[in-house]
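Structure file upload_24.cif; described as mmCIF, N, CA and C atoms.
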data_input
loop_
_atom_site.label_atom_id
_atom_site.label_comp_id
_atom_site.auth_asym_id
_atom_site.auth_seq_id
_atom_site.Cartn_x
_atom_site.Cartn_y
_atom_site.Cartn_z
N MET A 1 4.53 25.52 -1.20
CA MET A 1 5.35 24.50 -1.87
C MET A 1 5.39 23.23 -1.02
N CYS A 2 5.15 22.10 -1.63
CA CYS A 2 5.19 20.83 -0.92
C CYS A 2 6.64 20.37 -0.77
N LYS A 3 6.92 19.85 0.40
CA LYS A 3 8.26 19.33 0.63
C LYS A 3 8.39 17.93 0.04
N THR A 4 9.60 17.60 -0.37
CA THR A 4 9.87 16.26 -0.87
C THR A 4 10.01 15.31 0.32
N ILE A 5 9.95 14.03 0.03
CA ILE A 5 10.13 13.02 1.07
C ILE A 5 11.50 13.20 1.73
N GLY A 6 12.51 13.46 0.92
CA GLY A 6 13.85 13.69 1.46
C GLY A 6 13.89 14.87 2.43
N GLN A 7 13.19 15.94 2.09
CA GLN A 7 13.14 17.10 2.97
C GLN A 7 12.34 16.80 4.24
N LEU A 8 11.22 16.13 4.09
CA LEU A 8 10.38 15.80 5.25
C LEU A 8 11.12 14.96 6.29
N TYR A 9 11.93 14.03 5.81
CA TYR A 9 12.60 13.08 6.70
C TYR A 9 14.10 13.36 6.84
N ASN A 10 14.54 14.47 6.27
CA ASN A 10 15.95 14.85 6.34
C ASN A 10 16.86 13.70 5.89
N GLU A 11 16.51 13.11 4.76
CA GLU A 11 17.27 12.00 4.19
C GLU A 11 18.01 12.48 2.95
N ARG A 12 19.17 11.95 2.77
CA ARG A 12 19.98 12.30 1.61
C ARG A 12 20.02 11.11 0.64
N PRO A 13 20.17 11.40 -0.64
CA PRO A 13 20.25 10.30 -1.62
C PRO A 13 21.51 9.47 -1.44
N ILE A 14 21.44 8.26 -1.93
CA ILE A 14 22.60 7.36 -1.91
C ILE A 14 23.53 7.82 -3.03
N GLU A 15 24.77 8.06 -2.68
CA GLU A 15 25.75 8.50 -3.69
C GLU A 15 26.11 7.33 -4.60
N ASN A 16 26.32 7.64 -5.85
CA ASN A 16 26.72 6.65 -6.85
C ASN A 16 25.75 5.47 -6.91
N ALA A 17 24.49 5.76 -6.79
CA ALA A 17 23.47 4.70 -6.84
C ALA A 17 23.54 3.98 -8.19
N GLN A 18 23.63 2.66 -8.14
CA GLN A 18 23.72 1.91 -9.37
C GLN A 18 22.76 0.72 -9.43
N TYR A 19 22.21 0.33 -8.30
CA TYR A 19 21.28 -0.79 -8.26
C TYR A 19 19.84 -0.27 -8.30
N PRO A 20 18.93 -1.05 -8.87
CA PRO A 20 17.54 -0.57 -9.01
C PRO A 20 16.91 -0.08 -7.71
N LEU A 21 17.14 -0.76 -6.62
CA LEU A 21 16.56 -0.33 -5.34
C LEU A 21 17.15 1.01 -4.89
N GLN A 22 18.43 1.19 -5.09
CA GLN A 22 19.07 2.46 -4.74
C GLN A 22 18.54 3.60 -5.61
N ILE A 23 18.38 3.32 -6.88
CA ILE A 23 17.87 4.33 -7.82
C ILE A 23 16.45 4.70 -7.45
N TRP A 24 15.61 3.69 -7.14
CA TRP A 24 14.24 3.97 -6.71
C TRP A 24 14.24 4.83 -5.44
N TYR A 25 15.08 4.49 -4.48
CA TYR A 25 15.14 5.23 -3.22
C TYR A 25 15.49 6.69 -3.47
N ASN A 26 16.47 6.93 -4.31
CA ASN A 26 16.85 8.31 -4.64
C ASN A 26 15.70 9.04 -5.33
N ASP A 27 15.01 8.36 -6.23
CA ASP A 27 13.84 8.96 -6.89
C ASP A 27 12.75 9.26 -5.87
N LEU A 28 12.55 8.34 -4.94
CA LEU A 28 11.54 8.51 -3.90
C LEU A 28 11.80 9.77 -3.09
N LEU A 29 13.04 10.00 -2.75
CA LEU A 29 13.40 11.17 -1.94
C LEU A 29 13.07 12.48 -2.64
N ASP A 30 13.02 12.47 -3.96
CA ASP A 30 12.71 13.67 -4.73
C ASP A 30 11.21 13.88 -4.94
N LYS A 31 10.39 12.92 -4.51
CA LYS A 31 8.95 13.03 -4.71
C LYS A 31 8.28 13.71 -3.51
N THR A 32 7.13 14.31 -3.80
CA THR A 32 6.27 14.81 -2.72
C THR A 32 5.25 13.71 -2.42
N GLU A 33 4.49 13.89 -1.34
CA GLU A 33 3.45 12.90 -1.00
C GLU A 33 2.48 12.70 -2.17
N ASN A 34 2.15 13.76 -2.85
CA ASN A 34 1.20 13.68 -3.96
C ASN A 34 1.76 12.98 -5.19
N ASP A 35 3.08 12.86 -5.27
CA ASP A 35 3.72 12.20 -6.41
C ASP A 35 3.83 10.68 -6.23
N LEU A 36 3.59 10.20 -5.02
CA LEU A 36 3.76 8.77 -4.76
C LEU A 36 2.76 7.94 -5.55
N THR A 37 3.21 6.79 -6.00
CA THR A 37 2.39 5.85 -6.75
C THR A 37 2.13 4.61 -5.90
N VAL A 38 1.23 3.75 -6.37
CA VAL A 38 0.99 2.48 -5.69
C VAL A 38 2.30 1.69 -5.62
N PHE A 39 3.06 1.69 -6.72
CA PHE A 39 4.35 1.01 -6.74
C PHE A 39 5.23 1.51 -5.61
N ASP A 40 5.32 2.84 -5.45
CA ASP A 40 6.16 3.42 -4.39
C ASP A 40 5.70 2.97 -3.01
N VAL A 41 4.40 3.02 -2.77
CA VAL A 41 3.87 2.69 -1.44
C VAL A 41 4.09 1.21 -1.13
N VAL A 42 3.85 0.34 -2.10
CA VAL A 42 4.09 -1.09 -1.88
C VAL A 42 5.56 -1.31 -1.56
N ARG A 43 6.43 -0.67 -2.29
CA ARG A 43 7.87 -0.85 -2.06
C ARG A 43 8.30 -0.23 -0.73
N MET A 44 7.73 0.90 -0.36
CA MET A 44 8.04 1.50 0.94
C MET A 44 7.69 0.53 2.06
N ILE A 45 6.56 -0.13 1.93
CA ILE A 45 6.16 -1.11 2.95
C ILE A 45 7.12 -2.29 2.95
N ARG A 46 7.41 -2.83 1.76
CA ARG A 46 8.33 -3.98 1.68
C ARG A 46 9.71 -3.66 2.22
N GLN A 47 10.18 -2.44 1.95
CA GLN A 47 11.52 -2.04 2.35
C GLN A 47 11.56 -1.40 3.74
N ARG A 48 10.38 -1.26 4.35
CA ARG A 48 10.27 -0.68 5.69
C ARG A 48 10.83 0.75 5.74
N LYS A 49 10.47 1.53 4.74
CA LYS A 49 10.90 2.92 4.65
C LYS A 49 9.70 3.84 4.82
N PHE A 50 9.80 4.77 5.73
CA PHE A 50 8.76 5.79 5.93
C PHE A 50 7.39 5.15 6.09
N ILE A 51 7.31 4.16 6.97
CA ILE A 51 6.12 3.33 7.12
C ILE A 51 4.87 4.14 7.48
N LYS A 52 4.98 5.07 8.39
CA LYS A 52 3.80 5.84 8.79
C LYS A 52 3.21 6.56 7.57
N LEU A 53 4.06 7.18 6.78
CA LEU A 53 3.62 7.84 5.56
C LEU A 53 3.04 6.83 4.58
N ALA A 54 3.71 5.71 4.42
CA ALA A 54 3.25 4.68 3.48
C ALA A 54 1.84 4.20 3.84
N VAL A 55 1.58 4.01 5.13
CA VAL A 55 0.26 3.55 5.56
C VAL A 55 -0.80 4.61 5.26
N GLU A 56 -0.49 5.87 5.56
CA GLU A 56 -1.44 6.96 5.28
C GLU A 56 -1.79 7.01 3.79
N ILE A 57 -0.78 6.96 2.96
CA ILE A 57 -0.99 7.05 1.51
C ILE A 57 -1.68 5.78 1.00
N ALA A 58 -1.33 4.63 1.57
CA ALA A 58 -1.95 3.37 1.15
C ALA A 58 -3.46 3.44 1.30
N PHE A 59 -3.94 3.96 2.42
CA PHE A 59 -5.39 4.02 2.60
C PHE A 59 -6.05 5.04 1.68
N ARG A 60 -5.32 6.05 1.27
CA ARG A 60 -5.88 6.96 0.25
C ARG A 60 -6.11 6.21 -1.05
N PHE A 61 -5.09 5.44 -1.46
CA PHE A 61 -5.22 4.65 -2.69
C PHE A 61 -6.32 3.60 -2.56
N LEU A 62 -6.35 2.91 -1.43
CA LEU A 62 -7.31 1.83 -1.23
C LEU A 62 -8.75 2.33 -1.19
N ASN A 63 -8.96 3.53 -0.71
CA ASN A 63 -10.31 4.09 -0.70
C ASN A 63 -10.77 4.43 -2.12
N GLU A 64 -9.83 4.68 -3.00
CA GLU A 64 -10.16 4.93 -4.41
C GLU A 64 -10.32 3.62 -5.18
N ASP A 65 -9.44 2.66 -4.90
CA ASP A 65 -9.46 1.37 -5.59
C ASP A 65 -8.95 0.29 -4.63
N PRO A 66 -9.86 -0.40 -3.95
CA PRO A 66 -9.43 -1.39 -2.97
C PRO A 66 -8.71 -2.61 -3.57
N PHE A 67 -8.77 -2.74 -4.89
CA PHE A 67 -8.14 -3.87 -5.56
C PHE A 67 -6.73 -3.52 -6.08
N CYS A 68 -6.26 -2.30 -5.84
CA CYS A 68 -5.01 -1.85 -6.47
C CYS A 68 -3.80 -2.64 -5.96
N GLY A 69 -2.81 -2.68 -6.81
CA GLY A 69 -1.56 -3.35 -6.50
C GLY A 69 -0.57 -3.08 -7.61
N ASP A 70 0.66 -3.42 -7.36
CA ASP A 70 1.69 -3.24 -8.38
C ASP A 70 1.83 -4.51 -9.21
N CYS A 71 1.93 -5.66 -8.55
CA CYS A 71 2.13 -6.92 -9.26
C CYS A 71 0.87 -7.77 -9.40
N TYR A 72 -0.06 -7.61 -8.47
CA TYR A 72 -1.28 -8.42 -8.52
C TYR A 72 -2.43 -7.70 -7.83
N THR A 73 -3.62 -8.12 -8.13
CA THR A 73 -4.83 -7.53 -7.58
C THR A 73 -4.84 -7.69 -6.06
N GLY A 74 -5.03 -6.58 -5.36
CA GLY A 74 -5.11 -6.60 -3.91
C GLY A 74 -3.78 -6.54 -3.20
N GLU A 75 -2.70 -6.36 -3.94
CA GLU A 75 -1.38 -6.37 -3.33
C GLU A 75 -1.21 -5.30 -2.26
N LEU A 76 -1.68 -4.08 -2.52
CA LEU A 76 -1.50 -3.02 -1.53
C LEU A 76 -2.27 -3.33 -0.25
N LEU A 77 -3.50 -3.81 -0.39
CA LEU A 77 -4.29 -4.17 0.79
C LEU A 77 -3.59 -5.27 1.58
N GLU A 78 -3.08 -6.26 0.90
CA GLU A 78 -2.39 -7.37 1.56
C GLU A 78 -1.15 -6.87 2.29
N LYS A 79 -0.37 -6.01 1.65
CA LYS A 79 0.87 -5.52 2.27
C LYS A 79 0.59 -4.65 3.48
N VAL A 80 -0.36 -3.72 3.36
CA VAL A 80 -0.60 -2.80 4.47
C VAL A 80 -1.24 -3.52 5.65
N THR A 81 -2.13 -4.47 5.41
CA THR A 81 -2.76 -5.18 6.52
C THR A 81 -1.85 -6.28 7.06
N GLY A 82 -0.75 -6.56 6.37
CA GLY A 82 0.22 -7.54 6.85
C GLY A 82 1.27 -6.94 7.78
N LEU A 83 1.25 -5.63 7.92
CA LEU A 83 2.19 -4.98 8.83
C LEU A 83 1.85 -5.33 10.28
N GLU A 84 2.82 -5.11 11.17
CA GLU A 84 2.56 -5.36 12.58
C GLU A 84 1.35 -4.54 13.01
N ARG A 85 0.57 -5.13 13.85
CA ARG A 85 -0.67 -4.51 14.29
C ARG A 85 -0.47 -3.11 14.87
N LYS A 86 0.61 -2.92 15.62
CA LYS A 86 0.85 -1.62 16.26
C LYS A 86 1.03 -0.50 15.23
N LEU A 87 1.45 -0.85 14.03
CA LEU A 87 1.67 0.15 12.99
C LEU A 87 0.38 0.58 12.30
N ILE A 88 -0.65 -0.25 12.39
CA ILE A 88 -1.89 0.07 11.67
C ILE A 88 -3.13 0.06 12.56
N GLU A 89 -2.95 -0.16 13.86
CA GLU A 89 -4.13 -0.25 14.74
C GLU A 89 -4.96 1.03 14.74
N SER A 90 -4.34 2.17 14.50
CA SER A 90 -5.10 3.42 14.46
C SER A 90 -5.92 3.54 13.17
N HIS A 91 -5.75 2.61 12.26
CA HIS A 91 -6.46 2.63 10.97
C HIS A 91 -7.55 1.55 10.89
N ARG A 92 -8.00 1.09 12.02
CA ARG A 92 -9.03 0.02 12.03
C ARG A 92 -10.26 0.42 11.21
N GLU A 93 -10.73 1.64 11.37
CA GLU A 93 -11.91 2.08 10.61
C GLU A 93 -11.62 2.10 9.11
N ASP A 94 -10.41 2.50 8.74
CA ASP A 94 -10.03 2.46 7.33
C ASP A 94 -10.07 1.03 6.80
N ILE A 95 -9.56 0.09 7.59
CA ILE A 95 -9.53 -1.31 7.18
C ILE A 95 -10.96 -1.82 7.00
N ILE A 96 -11.82 -1.52 7.96
CA ILE A 96 -13.22 -1.94 7.87
C ILE A 96 -13.88 -1.36 6.62
N ASN A 97 -13.64 -0.08 6.36
CA ASN A 97 -14.24 0.56 5.18
C ASN A 97 -13.74 -0.06 3.88
N VAL A 98 -12.45 -0.34 3.80
CA VAL A 98 -11.89 -0.92 2.57
C VAL A 98 -12.41 -2.35 2.38
N VAL A 99 -12.49 -3.12 3.45
CA VAL A 99 -13.02 -4.48 3.35
C VAL A 99 -14.47 -4.43 2.86
N SER A 100 -15.24 -3.51 3.41
CA SER A 100 -16.63 -3.36 2.99
C SER A 100 -16.72 -2.97 1.51
N LEU A 101 -15.86 -2.07 1.10
CA LEU A 101 -15.82 -1.66 -0.30
C LEU A 101 -15.47 -2.84 -1.20
N CYS A 102 -14.53 -3.66 -0.77
CA CYS A 102 -14.16 -4.85 -1.53
C CYS A 102 -15.35 -5.79 -1.66
N GLU A 103 -16.00 -6.06 -0.55
CA GLU A 103 -17.11 -7.01 -0.57
C GLU A 103 -18.25 -6.53 -1.46
N SER A 104 -18.49 -5.24 -1.45
CA SER A 104 -19.59 -4.72 -2.28
C SER A 104 -19.22 -4.68 -3.77
N SER A 105 -17.93 -4.80 -4.08
CA SER A 105 -17.48 -4.72 -5.47
C SER A 105 -17.02 -6.06 -6.04
N LEU A 106 -17.05 -7.11 -5.24
CA LEU A 106 -16.54 -8.41 -5.70
C LEU A 106 -17.19 -8.90 -6.99
N GLN A 107 -18.48 -8.77 -7.08
CA GLN A 107 -19.18 -9.31 -8.26
C GLN A 107 -18.99 -8.45 -9.50
N SER A 108 -18.85 -7.16 -9.31
CA SER A 108 -18.74 -6.27 -10.47
C SER A 108 -17.29 -6.06 -10.94
N TYR A 109 -16.32 -6.44 -10.12
CA TYR A 109 -14.92 -6.27 -10.51
C TYR A 109 -14.60 -7.18 -11.69
N GLU A 110 -13.78 -6.69 -12.61
CA GLU A 110 -13.40 -7.49 -13.78
C GLU A 110 -12.15 -8.30 -13.48
N TRP A 111 -12.37 -9.52 -13.05
CA TRP A 111 -11.29 -10.43 -12.69
C TRP A 111 -10.64 -10.99 -13.94
N THR A 112 -9.36 -11.26 -13.86
CA THR A 112 -8.65 -11.89 -14.97
C THR A 112 -9.16 -13.31 -15.16
N ASP A 113 -9.34 -14.02 -14.05
CA ASP A 113 -9.86 -15.38 -14.08
C ASP A 113 -10.40 -15.75 -12.70
N ASP A 114 -10.97 -16.94 -12.58
CA ASP A 114 -11.55 -17.37 -11.31
C ASP A 114 -10.49 -17.55 -10.22
N PHE A 115 -9.27 -17.93 -10.61
CA PHE A 115 -8.20 -18.10 -9.63
C PHE A 115 -7.86 -16.78 -8.96
N GLU A 116 -7.80 -15.71 -9.74
CA GLU A 116 -7.51 -14.39 -9.19
C GLU A 116 -8.60 -14.00 -8.19
N LYS A 117 -9.84 -14.22 -8.55
CA LYS A 117 -10.96 -13.90 -7.67
C LYS A 117 -10.90 -14.73 -6.39
N ASP A 118 -10.65 -16.03 -6.54
CA ASP A 118 -10.57 -16.91 -5.37
C ASP A 118 -9.44 -16.51 -4.44
N ASP A 119 -8.28 -16.18 -5.00
CA ASP A 119 -7.14 -15.73 -4.19
C ASP A 119 -7.49 -14.47 -3.41
N PHE A 120 -8.17 -13.55 -4.08
CA PHE A 120 -8.54 -12.30 -3.44
C PHE A 120 -9.53 -12.55 -2.31
N ILE A 121 -10.51 -13.40 -2.55
CA ILE A 121 -11.52 -13.71 -1.52
C ILE A 121 -10.85 -14.37 -0.31
N CYS A 122 -9.90 -15.24 -0.55
CA CYS A 122 -9.15 -15.88 0.55
C CYS A 122 -8.37 -14.84 1.35
N MET A 123 -7.71 -13.92 0.64
CA MET A 123 -6.95 -12.87 1.30
C MET A 123 -7.88 -12.01 2.15
N LEU A 124 -9.03 -11.67 1.60
CA LEU A 124 -10.00 -10.85 2.31
C LEU A 124 -10.49 -11.57 3.58
N ALA A 125 -10.70 -12.87 3.48
CA ALA A 125 -11.12 -13.65 4.65
C ALA A 125 -10.05 -13.62 5.74
N GLU A 126 -8.79 -13.72 5.33
CA GLU A 126 -7.69 -13.66 6.30
C GLU A 126 -7.63 -12.30 6.99
N ILE A 127 -7.84 -11.25 6.24
CA ILE A 127 -7.83 -9.90 6.80
C ILE A 127 -8.98 -9.76 7.81
N LYS A 128 -10.16 -10.23 7.44
CA LYS A 128 -11.31 -10.14 8.33
C LYS A 128 -11.07 -10.92 9.62
N LYS A 129 -10.43 -12.07 9.50
CA LYS A 129 -10.12 -12.88 10.68
C LYS A 129 -9.10 -12.18 11.55
N ARG A 130 -8.06 -11.65 10.93
CA ARG A 130 -6.98 -11.00 11.69
C ARG A 130 -7.48 -9.78 12.46
N PHE A 131 -8.42 -9.05 11.87
CA PHE A 131 -8.89 -7.81 12.49
C PHE A 131 -10.30 -7.94 13.10
N ASP A 132 -10.77 -9.17 13.24
CA ASP A 132 -12.08 -9.44 13.86
C ASP A 132 -13.18 -8.59 13.23
N ILE A 133 -13.27 -8.67 11.92
CA ILE A 133 -14.29 -7.89 11.19
C ILE A 133 -15.42 -8.82 10.82
#
Rewrite the coordinates I just gave you, this time as structure tokens.
Amino acid sequence: MCKTIGQLYNERPIENAQYPLQIWYNDLLDKTENDLTVFDVVRMIRQRKFIKLAVEIAFRFLNEDPFCGDCYTGELLEKVTGLERKLIESHREDIINVVSLCESSLQSYEWTDDFEKDDFICMLAEIKKRFDI
């Protein structure tokens, strides 16, 4: 049986949760690692919750779809590579692999428009610069 996030981290739900973030957090605690979605991982990173787990799961998603995101194309890649270096330095090979996957898929990806593609290419350039790729 897989443990829930709440069990893994010995966290309890927020009592009388009434705000969307509180409700999401309580739902998150009831999920297993396999139940996490891109939305969950992006929010975990933004909210600085269970970061080590979020980074591990983020690279699983990114290896399947390097363009994935909740609100926009490439959001997960941008969020995970925007973390402090010490939190992701052990994932350098993952970053290199995902960047390579992005570059090889740029032309075949179905972009909404040229602006989306240009934004993504700029983000990718920043990531390559930050990590000396």
Compile the contact shell of Asp30 (chain A) as a ChimeraX atom specification: residues with an atom at most 6 Å away, counting all atoms listed in the file, same-chain residues fewer than 2 positions apart removed. /A:4-6,26-28,32
Let me make sure I understand: among A:Arg43, A:Ala54, A:Phe131, A:Arg12, which one has the smallest atom-to-atom distance to Arg92 (chain A) if we use all atoms listed in the file?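 Under the stated criterion, the closest residue is A:Phe131.
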Going by DSSP on the backbone, which residues of chain A come out as alpha helix (DSSP H)? List them as number ranges by chain. A: 5-9, 20-29, 38-47, 51-64, 75-81, 85-88, 92-105, 114-130
Decode the PyMOL selection byres (((chain A and resi 121 and name CA) around 12) and name CA) for the given file into explicit residues and return them as a PDB file with N, CA and C atoms, in the frame of the given file.
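As a result, selection-v5.pdb now contains:
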ATOM      1  N   PHE A  67      -8.770  -2.740  -4.890  1.00  0.00           N
ATOM      2  CA  PHE A  67      -8.140  -3.870  -5.560  1.00  0.00           C
ATOM      3  C   PHE A  67      -6.730  -3.520  -6.080  1.00  0.00           C
ATOM      4  N   THR A  73      -3.620  -8.120  -8.130  1.00  0.00           N
ATOM      5  CA  THR A  73      -4.830  -7.530  -7.580  1.00  0.00           C
ATOM      6  C   THR A  73      -4.840  -7.690  -6.060  1.00  0.00           C
ATOM      7  N   GLY A  74      -5.030  -6.580  -5.360  1.00  0.00           N
ATOM      8  CA  GLY A  74      -5.110  -6.600  -3.910  1.00  0.00           C
ATOM      9  C   GLY A  74      -3.780  -6.540  -3.200  1.00  0.00           C
ATOM     10  N   GLU A  78      -3.080  -6.260   0.900  1.00  0.00           N
ATOM     11  CA  GLU A  78      -2.390  -7.370   1.560  1.00  0.00           C
ATOM     12  C   GLU A  78      -1.150  -6.870   2.290  1.00  0.00           C
ATOM     13  N   VAL A  99     -12.490  -3.120   3.450  1.00  0.00           N
ATOM     14  CA  VAL A  99     -13.020  -4.480   3.350  1.00  0.00           C
ATOM     15  C   VAL A  99     -14.470  -4.430   2.860  1.00  0.00           C
ATOM     16  N   CYS A 102     -14.530  -3.660  -0.770  1.00  0.00           N
ATOM     17  CA  CYS A 102     -14.160  -4.850  -1.530  1.00  0.00           C
ATOM     18  C   CYS A 102     -15.350  -5.790  -1.660  1.00  0.00           C
ATOM     19  N   GLU A 103     -16.000  -6.060  -0.550  1.00  0.00           N
ATOM     20  CA  GLU A 103     -17.110  -7.010  -0.570  1.00  0.00           C
ATOM     21  C   GLU A 103     -18.250  -6.530  -1.460  1.00  0.00           C
ATOM     22  N   SER A 105     -17.930  -4.800  -4.080  1.00  0.00           N
ATOM     23  CA  SER A 105     -17.480  -4.720  -5.470  1.00  0.00           C
ATOM     24  C   SER A 105     -17.020  -6.060  -6.040  1.00  0.00           C
ATOM     25  N   LEU A 106     -17.050  -7.110  -5.240  1.00  0.00           N
ATOM     26  CA  LEU A 106     -16.540  -8.410  -5.700  1.00  0.00           C
ATOM     27  C   LEU A 106     -17.190  -8.900  -6.990  1.00  0.00           C
ATOM     28  N   GLN A 107     -18.480  -8.770  -7.080  1.00  0.00           N
ATOM     29  CA  GLN A 107     -19.180  -9.310  -8.260  1.00  0.00           C
ATOM     30  C   GLN A 107     -18.990  -8.450  -9.500  1.00  0.00           C
ATOM     31  N   TRP A 111     -12.370  -9.520 -13.050  1.00  0.00           N
ATOM     32  CA  TRP A 111     -11.290 -10.430 -12.690  1.00  0.00           C
ATOM     33  C   TRP A 111     -10.640 -10.990 -13.940  1.00  0.00           C
ATOM     34  N   ASP A 114     -10.970 -16.940 -12.580  1.00  0.00           N
ATOM     35  CA  ASP A 114     -11.550 -17.370 -11.310  1.00  0.00           C
ATOM     36  C   ASP A 114     -10.490 -17.550 -10.220  1.00  0.00           C
ATOM     37  N   PHE A 115      -9.270 -17.930 -10.610  1.00  0.00           N
ATOM     38  CA  PHE A 115      -8.200 -18.100  -9.630  1.00  0.00           C
ATOM     39  C   PHE A 115      -7.860 -16.780  -8.960  1.00  0.00           C
ATOM     40  N   GLU A 116      -7.800 -15.710  -9.740  1.00  0.00           N
ATOM     41  CA  GLU A 116      -7.510 -14.390  -9.190  1.00  0.00           C
ATOM     42  C   GLU A 116      -8.600 -14.000  -8.190  1.00  0.00           C
ATOM     43  N   LYS A 117      -9.840 -14.220  -8.550  1.00  0.00           N
ATOM     44  CA  LYS A 117     -10.960 -13.900  -7.670  1.00  0.00           C
ATOM     45  C   LYS A 117     -10.900 -14.730  -6.390  1.00  0.00           C
ATOM     46  N   ASP A 118     -10.650 -16.030  -6.540  1.00  0.00           N
ATOM     47  CA  ASP A 118     -10.570 -16.910  -5.370  1.00  0.00           C
ATOM     48  C   ASP A 118      -9.440 -16.510  -4.440  1.00  0.00           C
ATOM     49  N   ASP A 119      -8.280 -16.180  -5.000  1.00  0.00           N
ATOM     50  CA  ASP A 119      -7.140 -15.730  -4.190  1.00  0.00           C
ATOM     51  C   ASP A 119      -7.490 -14.470  -3.410  1.00  0.00           C
ATOM     52  N   PHE A 120      -8.170 -13.550  -4.080  1.00  0.00           N
ATOM     53  CA  PHE A 120      -8.540 -12.300  -3.440  1.00  0.00           C
ATOM     54  C   PHE A 120      -9.530 -12.550  -2.310  1.00  0.00           C
ATOM     55  N   CYS A 122      -9.900 -15.240  -0.550  1.00  0.00           N
ATOM     56  CA  CYS A 122      -9.150 -15.880   0.550  1.00  0.00           C
ATOM     57  C   CYS A 122      -8.370 -14.840   1.350  1.00  0.00           C
ATOM     58  N   MET A 123      -7.710 -13.920   0.640  1.00  0.00           N
ATOM     59  CA  MET A 123      -6.950 -12.870   1.300  1.00  0.00           C
ATOM     60  C   MET A 123      -7.880 -12.010   2.150  1.00  0.00           C
ATOM     61  N   LEU A 124      -9.030 -11.670   1.600  1.00  0.00           N
ATOM     62  CA  LEU A 124     -10.000 -10.850   2.310  1.00  0.00           C
ATOM     63  C   LEU A 124     -10.490 -11.570   3.580  1.00  0.00           C
ATOM     64  N   ALA A 125     -10.700 -12.870   3.480  1.00  0.00           N
ATOM     65  CA  ALA A 125     -11.120 -13.650   4.650  1.00  0.00           C
ATOM     66  C   ALA A 125     -10.050 -13.620   5.740  1.00  0.00           C
ATOM     67  N   GLU A 126      -8.790 -13.720   5.330  1.00  0.00           N
ATOM     68  CA  GLU A 126      -7.690 -13.660   6.300  1.00  0.00           C
ATOM     69  C   GLU A 126      -7.630 -12.300   6.990  1.00  0.00           C
ATOM     70  N   ILE A 127      -7.840 -11.250   6.240  1.00  0.00           N
ATOM     71  CA  ILE A 127      -7.830  -9.900   6.800  1.00  0.00           C
ATOM     72  C   ILE A 127      -8.980  -9.760   7.810  1.00  0.00           C
ATOM     73  N   LYS A 128     -10.160 -10.230   7.440  1.00  0.00           N
ATOM     74  CA  LYS A 128     -11.310 -10.140   8.330  1.00  0.00           C
ATOM     75  C   LYS A 128     -11.070 -10.920   9.620  1.00  0.00           C
TER      76      LYS A 128
END
Residues returned when the PyMOL selection byres (((chain A and resi 58 and name CA) around 9) and name CA) runs on this file, as a list of chain:residue names: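 Applying the expression gives A:Val38, A:Val41, A:Val42, A:Leu53, A:Ala54, A:Val55, A:Glu56, A:Ile57, A:Phe59, A:Arg60, A:Phe61, A:Leu62, A:Asn63, A:Leu76, A:Leu77, A:Val80.
If you measure from each of A:Ile133, A:Leu101, A:Lys79, A:Tyr109 to Arg46 (chain A) using all atoms listed in the file, the closest one turns out to be A:Lys79.
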Report the distance between atom N of Arg130 (chain A) and atom N of Ile95 (chain A) in Å, rounded to one decimal place.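 Rounded to one decimal, the two atoms are 12.3 Å apart.
Taking only C-alpha atoms into account, Gln47 (chain A) lies nearest to A:Gln22 out of the set A:Asn34, A:Gln22, A:Asn97, A:Asn10.
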Atom N of Glu64 (chain A) sits from CA of Ile23 (chain A) at a separation of 28.1 Å
Would you mind telling me which residue in A:Ser108, A:Leu83, A:Leu29, A:Val98 lies nearest to Ile14 (chain A) when using only C-alpha atoms? A:Leu29
Point-to-point distance from CA of Ile88 (chain A) to CA of Lys52 (chain A), Å rounded to tenths: 8.6 Å
